[in-house]
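Participant: To be precise about what I am sending: the file is called upload_3.csv and holds CSV, C-alpha atoms.
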```csv
chain,number,residue,atom,x,y,z
A,1,MET,CA,22.0,-18.8,0.1
A,2,LEU,CA,21.0,-17.6,3.5
A,3,LYS,CA,23.0,-14.4,3.0
A,4,ASN,CA,21.2,-13.8,-0.3
A,5,LYS,CA,17.8,-14.2,1.4
A,6,PHE,CA,18.8,-11.8,4.2
A,7,TYR,CA,20.0,-9.1,1.7
A,8,SER,CA,16.9,-9.5,-0.5
A,9,LEU,CA,14.6,-9.1,2.6
A,10,ILE,CA,16.5,-5.9,3.6
A,11,LEU,CA,16.2,-4.6,0.0
A,12,PHE,CA,12.5,-5.3,-0.1
A,13,LEU,CA,12.0,-3.7,3.3
A,14,ILE,CA,13.8,-0.5,2.1
A,15,VAL,CA,11.8,-0.3,-1.1
A,16,THR,CA,8.4,-1.0,0.6
A,17,PHE,CA,9.0,1.2,3.6
A,18,SER,CA,10.2,4.1,1.4
A,19,ALA,CA,6.5,4.5,0.5
A,20,SER,CA,5.7,4.6,4.2
A,21,PHE,CA,8.5,7.1,4.9
A,22,THR,CA,7.4,9.3,2.0
A,23,GLY,CA,3.8,9.2,2.9
A,24,GLY,CA,4.6,9.9,6.6
A,25,LEU,CA,6.8,12.8,5.7
A,26,VAL,CA,4.2,14.4,3.5
A,27,SER,CA,1.4,13.7,6.0
A,28,ILE,CA,3.3,15.3,8.9
A,29,SER,CA,4.2,18.3,6.7
A,30,PHE,CA,0.9,19.1,5.0
A,31,LYS,CA,-1.9,17.3,6.8
A,32,GLU,CA,-2.9,20.0,9.3
A,33,PRO,CA,-4.8,22.2,9.6
A,34,TRP,CA,-6.4,21.1,6.3
A,35,TYR,CA,-7.3,17.5,7.3
A,36,SER,CA,-8.9,18.5,10.6
A,37,SER,CA,-11.1,21.0,8.9
A,38,LEU,CA,-12.7,18.3,6.6
A,39,MET,CA,-16.1,16.9,7.3
A,40,LYS,CA,-15.6,13.1,8.0
A,41,SER,CA,-18.1,10.3,8.0
A,42,ASN,CA,-18.9,8.2,11.0
A,43,TYR,CA,-17.0,5.4,9.4
A,44,ASN,CA,-13.7,7.2,9.8
A,45,PRO,CA,-11.5,5.4,12.4
A,46,PRO,CA,-9.6,7.3,15.0
A,47,ASP,CA,-6.3,8.7,13.7
A,48,TRP,CA,-4.2,6.6,16.0
A,49,ILE,CA,-5.3,3.4,14.2
A,50,PHE,CA,-3.5,4.2,10.9
A,51,ALA,CA,0.1,3.9,12.1
A,52,PRO,CA,-0.2,0.3,13.5
A,53,VAL,CA,-2.4,-0.9,10.6
A,54,TRP,CA,-0.1,0.5,7.9
A,55,THR,CA,3.0,-0.7,9.6
A,56,THR,CA,1.5,-4.2,9.7
A,57,LEU,CA,0.5,-4.0,6.1
A,58,TYR,CA,3.9,-2.8,5.0
A,59,ILE,CA,5.5,-5.7,6.8
A,60,MET,CA,3.0,-8.1,5.1
A,61,MET,CA,3.7,-6.6,1.7
A,62,THR,CA,7.4,-6.9,2.2
A,63,LEU,CA,7.1,-10.6,3.2
A,64,ALA,CA,4.7,-11.2,0.2
A,65,ILE,CA,7.2,-9.9,-2.4
A,66,TRP,CA,10.1,-11.6,-0.6
A,67,PHE,CA,8.4,-15.0,-0.6
A,68,PHE,CA,7.5,-14.5,-4.2
A,69,TRP,CA,11.1,-13.5,-5.0
A,70,HIS,CA,12.4,-16.8,-3.5
A,71,SER,CA,9.9,-18.9,-5.4
A,72,LYS,CA,11.0,-21.1,-8.2
A,73,LYS,CA,8.4,-19.9,-10.7
A,74,ARG,CA,8.9,-16.2,-10.0
A,75,ASP,CA,8.9,-13.7,-12.9
A,76,VAL,CA,10.6,-10.3,-13.0
A,77,ASN,CA,7.5,-8.5,-14.5
A,78,THR,CA,5.7,-9.1,-11.2
A,79,ILE,CA,8.6,-7.6,-9.4
A,80,TYR,CA,8.3,-4.5,-11.6
A,81,ILE,CA,4.5,-4.3,-11.0
A,82,TYR,CA,5.3,-4.5,-7.2
A,83,PHE,CA,7.7,-1.5,-7.5
A,84,ILE,CA,5.2,0.5,-9.6
A,85,HIS,CA,2.5,-0.3,-7.0
A,86,VAL,CA,4.8,1.0,-4.2
A,87,VAL,CA,5.1,4.3,-6.1
A,88,PHE,CA,1.3,4.6,-6.3
A,89,ASN,CA,1.1,3.8,-2.6
A,90,ALA,CA,3.3,6.8,-1.8
A,91,THR,CA,1.6,8.9,-4.4
A,92,TRP,CA,-1.7,8.7,-2.6
A,93,SER,CA,-0.3,10.5,0.4
A,94,ILE,CA,1.3,13.1,-1.8
A,95,VAL,CA,-1.9,13.8,-3.7
A,96,PHE,CA,-4.2,13.6,-0.7
A,97,PHE,CA,-2.2,15.2,2.2
A,98,GLY,CA,0.3,17.2,0.2
A,99,LEU,CA,-1.8,18.6,-2.7
A,100,HIS,CA,-5.2,18.3,-0.9
A,101,GLN,CA,-6.8,16.8,-4.0
A,102,ILE,CA,-9.4,14.4,-2.7
A,103,PHE,CA,-10.7,13.4,-6.2
A,104,PHE,CA,-7.3,12.8,-7.7
A,105,ALA,CA,-6.4,10.8,-4.5
A,106,LEU,CA,-9.5,8.7,-5.3
A,107,VAL,CA,-8.2,8.1,-8.8
A,108,VAL,CA,-4.7,7.1,-7.4
A,109,LEU,CA,-6.5,4.6,-5.0
A,110,VAL,CA,-8.4,3.0,-7.9
A,111,ILE,CA,-5.1,2.5,-9.8
A,112,LEU,CA,-3.4,1.2,-6.6
A,113,ILE,CA,-6.2,-1.3,-5.9
A,114,THR,CA,-6.0,-2.5,-9.5
A,115,LEU,CA,-2.3,-3.1,-9.2
A,116,ILE,CA,-2.8,-4.9,-5.9
A,117,ILE,CA,-5.4,-7.2,-7.6
A,118,ILE,CA,-2.9,-7.8,-10.4
A,119,LEU,CA,-0.3,-8.7,-7.8
A,120,ILE,CA,-2.6,-11.0,-5.9
A,121,ILE,CA,-3.5,-12.9,-9.1
A,122,ARG,CA,0.2,-13.2,-10.1
A,123,PHE,CA,1.2,-14.2,-6.6
A,124,LYS,CA,-1.5,-16.9,-6.4
A,125,ARG,CA,0.0,-18.6,-9.5
A,126,VAL,CA,3.4,-18.8,-7.8
A,127,ASN,CA,3.2,-18.6,-4.0
A,128,PHE,CA,0.1,-19.0,-1.8
A,129,VAL,CA,1.8,-17.3,1.2
A,130,SER,CA,2.4,-14.2,-0.9
A,131,TYR,CA,-1.2,-14.3,-2.1
A,132,TYR,CA,-2.7,-14.5,1.4
A,133,LEU,CA,-0.4,-11.8,2.7
A,134,MET,CA,-1.7,-9.3,0.2
A,135,ILE,CA,-5.4,-9.8,1.0
A,136,PRO,CA,-5.6,-7.7,4.2
A,137,TYR,CA,-3.8,-4.9,2.2
A,138,LEU,CA,-6.4,-5.1,-0.5
A,139,LEU,CA,-9.2,-5.0,2.0
A,140,TRP,CA,-7.7,-2.0,3.8
A,141,CYS,CA,-7.3,-0.1,0.5
A,142,VAL,CA,-10.9,-0.8,-0.5
A,143,TYR,CA,-11.9,0.6,2.9
A,144,ALA,CA,-9.6,3.6,2.2
A,145,LEU,CA,-11.4,4.1,-1.1
A,146,PHE,CA,-14.7,4.1,0.7
A,147,LEU,CA,-13.4,6.7,3.2
A,148,ASN,CA,-11.8,8.8,0.4
A,149,TYR,CA,-15.1,8.8,-1.5
A,150,ASN,CA,-17.0,9.8,1.6
A,151,LEU,CA,-14.6,12.7,2.1
A,152,MET,CA,-15.0,13.8,-1.5
A,153,VAL,CA,-18.8,13.7,-1.2
A,154,LEU,CA,-18.9,15.5,2.2
A,155,ASN,CA,-16.4,18.2,1.2
```
Let me see whether you can do it: turn the structure in this file into structure tokens.

Facilitator:
Amino acid sequence: MLKNKFYSLILFLIVTFSASFTGGLVSISFKEPWYSSLMKSNYNPPDWIFAPVWTTLYIMMTLAIWFFWHSKKRDVNTIYIYFIHVVFNATWSIVFFGLHQIFFALVVLVILITLIIILIIRFKRVNFVSYYLMIPYLLWCVYALFLNYNLMVLN
């Protein structure tokens, strides 16, 4: 059983951090000079804050799905929703930094936030730890939506 828990944790880490890897690769390749030339609101945090915040959130997301997976009342549809949500998480970076499409990135964020809310509701029914681990992620994505909207309006 312990071996199974370890392997499932590794699998969920790989799946979740694949979004981070993809987003990071796209950001590094296509962010500049485009992003620096955008008008930003005063609410934009400094660039250095994003890496530690996202790393923490990816760890929390991984733990949330892992705790859910090892719950007695888990259901596979929630796992599928989680995987779809990871795809949308990576898609935002591709659309925003790779394609430089601020409006479509906003649409992707709305879909992502909707999926996060669905996951939170589903997690709450099965595992409170999973539920609580997703709340900071939801709050950060709502903040990202606000920033994304401001960028769209200013540019």

Participant: Would you pick out the contacts of Pro136 (chain A) at 10 Å or less, using all atoms listed in the file, so that residues sharing its chain but fewer than 5 positions from it are not included, and give the list as a PyMOL selection string?

Facilitator: chain A and resi 53+56-57+60-61+141-142

Participant: Given the choices A:Phe104, A:Phe6, A:Phe88, A:Phe30, which gets closest to Met152 (chain A) if the distance is worked out from only C-alpha atoms?

Facilitator: A:Phe104

Participant: Fewer than 5 positions away in the same chain doesn't count, so skip those; otherwise give me all residues within 12 Å of region 43-52 of chain A, counting only C-alpha atoms, as a ChimeraX atom specification.

Facilitator: /A:20-21,23-24,27,31,35-36,38,57-59,140-141,143-151

Participant: Suppose you want the space between CA of Val129 (chain A) and CA of Leu63 (chain A); what is it in Å?

Facilitator: 8.8 Å

Participant: Please, what distance in Å, to one decimal, runs between CA of Gln101 (chain A) and CA of Val86 (chain A)?

Facilitator: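 According to the coordinates, CA of Gln101 (chain A) and CA of Val86 (chain A) are separated by 19.6 Å.
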
Participant: Please list as a PyMOL selection string every residue within 9 Å of Thr91 (chain A), counting only C-alpha atoms and excluding residues in the same chain fewer than 3 positions away.

Facilitator: chain A and resi 19+22-23+86-88+94-96+105+108

Participant: Quick one: residues within 10 Å of region 71-79 of chain A, all atoms listed in the file counted, chain neighbours fewer than 3 positions away excluded, as an MDAnalysis selection string?

Facilitator: chainID A and resid 65:68 82:85 118:119 122:123 125:127 130

Participant: Any idea what the distance is between CA of Ile113 (chain A) and CA of Asn89 (chain A)?

Facilitator: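 Separation between CA of Ile113 (chain A) and CA of Asn89 (chain A): 9.5 Å.
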
Participant: In file coordinates, which residues lie within 8 Å of (11.2, -6.8, -2.0) using all atoms listed in the file, given as a ChimeraX atom specification?

Facilitator: /A:8-16,62-63,65-66,69,79

Participant: Next, the residues of the selection above should be written as a PDB file, in the coordinates of the input with C-alpha atoms.

Facilitator:
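After the write, result11.pdb holds the following:
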```pdb
ATOM      1  CA  SER A   8      16.900  -9.500  -0.500  1.00  0.00           C
ATOM      2  CA  LEU A   9      14.600  -9.100   2.600  1.00  0.00           C
ATOM      3  CA  ILE A  10      16.500  -5.900   3.600  1.00  0.00           C
ATOM      4  CA  LEU A  11      16.200  -4.600   0.000  1.00  0.00           C
ATOM      5  CA  PHE A  12      12.500  -5.300  -0.100  1.00  0.00           C
ATOM      6  CA  LEU A  13      12.000  -3.700   3.300  1.00  0.00           C
ATOM      7  CA  ILE A  14      13.800  -0.500   2.100  1.00  0.00           C
ATOM      8  CA  VAL A  15      11.800  -0.300  -1.100  1.00  0.00           C
ATOM      9  CA  THR A  16       8.400  -1.000   0.600  1.00  0.00           C
ATOM     10  CA  THR A  62       7.400  -6.900   2.200  1.00  0.00           C
ATOM     11  CA  LEU A  63       7.100 -10.600   3.200  1.00  0.00           C
ATOM     12  CA  ILE A  65       7.200  -9.900  -2.400  1.00  0.00           C
ATOM     13  CA  TRP A  66      10.100 -11.600  -0.600  1.00  0.00           C
ATOM     14  CA  TRP A  69      11.100 -13.500  -5.000  1.00  0.00           C
ATOM     15  CA  ILE A  79       8.600  -7.600  -9.400  1.00  0.00           C
TER      16      ILE A  79
END
```

Participant: Output: region 22-71 of chain A of the preceding structure, restricted to N, CA and C atoms, written as a CSV table (one decimal), in the first residue's frame.

Facilitator:
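What ended up in selection-v3.csv:
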```
chain,number,residue,atom,x,y,z
A,22,THR,N,5.5,23.2,-19.1
A,22,THR,CA,5.0,23.8,-20.4
A,22,THR,C,4.9,25.3,-20.4
A,23,GLY,N,4.3,25.8,-19.3
A,23,GLY,CA,4.1,27.2,-19.2
A,23,GLY,C,5.4,27.9,-19.0
A,24,GLY,N,6.3,27.4,-18.3
A,24,GLY,CA,7.6,28.0,-18.1
A,24,GLY,C,8.4,28.0,-19.4
A,25,LEU,N,8.4,26.9,-20.2
A,25,LEU,CA,9.1,26.8,-21.4
A,25,LEU,C,8.5,27.9,-22.4
A,26,VAL,N,7.2,28.0,-22.5
A,26,VAL,CA,6.6,29.0,-23.4
A,26,VAL,C,6.9,30.4,-22.9
A,27,SER,N,6.8,30.6,-21.6
A,27,SER,CA,7.1,32.0,-21.1
A,27,SER,C,8.6,32.4,-21.4
A,28,ILE,N,9.5,31.5,-21.2
A,28,ILE,CA,10.9,31.8,-21.4
A,28,ILE,C,11.1,32.1,-22.9
A,29,SER,N,10.5,31.3,-23.7
A,29,SER,CA,10.7,31.5,-25.2
A,29,SER,C,10.0,32.7,-25.8
A,30,PHE,N,8.8,33.0,-25.3
A,30,PHE,CA,8.1,34.0,-26.1
A,30,PHE,C,7.6,35.3,-25.3
A,31,LYS,N,8.0,35.3,-24.0
A,31,LYS,CA,7.6,36.4,-23.1
A,31,LYS,C,8.1,37.8,-23.5
A,32,GLU,N,9.4,37.8,-23.7
A,32,GLU,CA,10.1,39.1,-24.0
A,32,GLU,C,10.4,39.2,-25.5
A,33,PRO,N,10.4,40.4,-26.0
A,33,PRO,CA,10.2,41.7,-25.4
A,33,PRO,C,8.7,42.1,-25.3
A,34,TRP,N,7.8,41.2,-25.7
A,34,TRP,CA,6.4,41.6,-25.8
A,34,TRP,C,5.9,42.0,-24.4
A,35,TYR,N,6.1,41.1,-23.4
A,35,TYR,CA,5.5,41.4,-22.0
A,35,TYR,C,6.0,42.7,-21.4
A,36,SER,N,7.3,43.0,-21.6
A,36,SER,CA,7.9,44.2,-21.0
A,36,SER,C,7.3,45.4,-21.6
A,37,SER,N,6.8,45.3,-22.9
A,37,SER,CA,6.3,46.5,-23.6
A,37,SER,C,4.8,46.8,-23.2
A,38,LEU,N,4.2,45.9,-22.5
A,38,LEU,CA,2.8,46.1,-22.1
A,38,LEU,C,2.7,47.1,-21.0
A,39,MET,N,1.6,47.9,-21.0
A,39,MET,CA,1.2,48.7,-19.9
A,39,MET,C,0.6,47.9,-18.8
A,40,LYS,N,1.1,48.0,-17.6
A,40,LYS,CA,0.7,47.2,-16.5
A,40,LYS,C,0.1,48.1,-15.4
A,41,SER,N,-0.9,47.5,-14.7
A,41,SER,CA,-1.5,48.3,-13.6
A,41,SER,C,-0.6,48.3,-12.4
A,42,ASN,N,-0.9,49.1,-11.5
A,42,ASN,CA,-0.2,49.2,-10.2
A,42,ASN,C,-0.4,47.9,-9.3
A,43,TYR,N,-1.3,47.1,-9.7
A,43,TYR,CA,-1.6,45.9,-8.9
A,43,TYR,C,-0.8,44.7,-9.4
A,44,ASN,N,0.0,44.9,-10.4
A,44,ASN,CA,0.9,43.8,-10.9
A,44,ASN,C,2.0,43.6,-9.9
A,45,PRO,N,2.2,42.4,-9.4
A,45,PRO,CA,3.3,42.1,-8.5
A,45,PRO,C,4.6,42.1,-9.2
A,46,PRO,N,5.7,42.2,-8.5
A,46,PRO,CA,7.0,42.0,-9.2
A,46,PRO,C,7.2,40.6,-9.8
A,47,ASP,N,7.9,40.6,-10.9
A,47,ASP,CA,8.0,39.3,-11.7
A,47,ASP,C,8.6,38.2,-10.8
A,48,TRP,N,9.4,38.5,-9.8
A,48,TRP,CA,10.1,37.4,-9.0
A,48,TRP,C,9.1,36.7,-8.2
A,49,ILE,N,7.9,37.2,-7.9
A,49,ILE,CA,6.9,36.6,-7.0
A,49,ILE,C,6.3,35.4,-7.7
A,50,PHE,N,6.2,35.3,-9.0
A,50,PHE,CA,5.4,34.3,-9.7
A,50,PHE,C,6.0,32.9,-9.5
A,51,ALA,N,7.3,32.7,-9.6
A,51,ALA,CA,7.9,31.4,-9.5
A,51,ALA,C,7.6,30.7,-8.1
A,52,PRO,N,7.9,31.4,-7.0
A,52,PRO,CA,7.6,30.7,-5.7
A,52,PRO,C,6.1,30.5,-5.5
A,53,VAL,N,5.3,31.5,-5.9
A,53,VAL,CA,3.8,31.3,-5.7
A,53,VAL,C,3.3,30.1,-6.5
A,54,TRP,N,3.7,30.1,-7.8
A,54,TRP,CA,3.2,29.0,-8.6
A,54,TRP,C,3.8,27.6,-8.2
A,55,THR,N,5.0,27.6,-7.8
A,55,THR,CA,5.6,26.3,-7.3
A,55,THR,C,4.8,25.8,-6.1
A,56,THR,N,4.5,26.7,-5.1
A,56,THR,CA,3.7,26.4,-4.0
A,56,THR,C,2.3,25.9,-4.4
A,57,LEU,N,1.7,26.6,-5.3
A,57,LEU,CA,0.3,26.2,-5.7
A,57,LEU,C,0.4,24.8,-6.4
A,58,TYR,N,1.4,24.6,-7.3
A,58,TYR,CA,1.4,23.3,-7.9
A,58,TYR,C,1.6,22.1,-6.9
A,59,ILE,N,2.4,22.4,-5.9
A,59,ILE,CA,2.6,21.4,-4.8
A,59,ILE,C,1.2,21.1,-4.1
A,60,MET,N,0.5,22.2,-3.8
A,60,MET,CA,-0.8,22.1,-3.2
A,60,MET,C,-1.8,21.4,-4.0
A,61,MET,N,-1.8,21.7,-5.3
A,61,MET,CA,-2.7,21.0,-6.3
A,61,MET,C,-2.4,19.5,-6.3
A,62,THR,N,-1.1,19.2,-6.4
A,62,THR,CA,-0.7,17.8,-6.4
A,62,THR,C,-1.2,17.1,-5.1
A,63,LEU,N,-0.9,17.7,-4.0
A,63,LEU,CA,-1.4,17.0,-2.8
A,63,LEU,C,-2.9,16.9,-2.7
A,64,ALA,N,-3.6,17.9,-3.2
A,64,ALA,CA,-5.1,17.9,-3.2
A,64,ALA,C,-5.6,16.7,-4.0
A,65,ILE,N,-5.1,16.5,-5.2
A,65,ILE,CA,-5.5,15.3,-6.0
A,65,ILE,C,-5.1,14.0,-5.5
A,66,TRP,N,-3.9,14.0,-4.9
A,66,TRP,CA,-3.4,12.8,-4.3
A,66,TRP,C,-4.2,12.4,-3.1
A,67,PHE,N,-4.5,13.3,-2.2
A,67,PHE,CA,-5.4,13.0,-1.0
A,67,PHE,C,-6.8,12.5,-1.5
A,68,PHE,N,-7.3,13.2,-2.5
A,68,PHE,CA,-8.6,12.8,-3.1
A,68,PHE,C,-8.5,11.3,-3.6
A,69,TRP,N,-7.4,11.1,-4.4
A,69,TRP,CA,-7.2,9.7,-5.0
A,69,TRP,C,-7.2,8.6,-3.9
A,70,HIS,N,-6.7,8.9,-2.8
A,70,HIS,CA,-6.6,7.9,-1.7
A,70,HIS,C,-7.8,8.0,-0.7
A,71,SER,N,-8.8,8.7,-1.1
A,71,SER,CA,-10.0,8.7,-0.3
A,71,SER,C,-11.0,7.5,-0.7
```
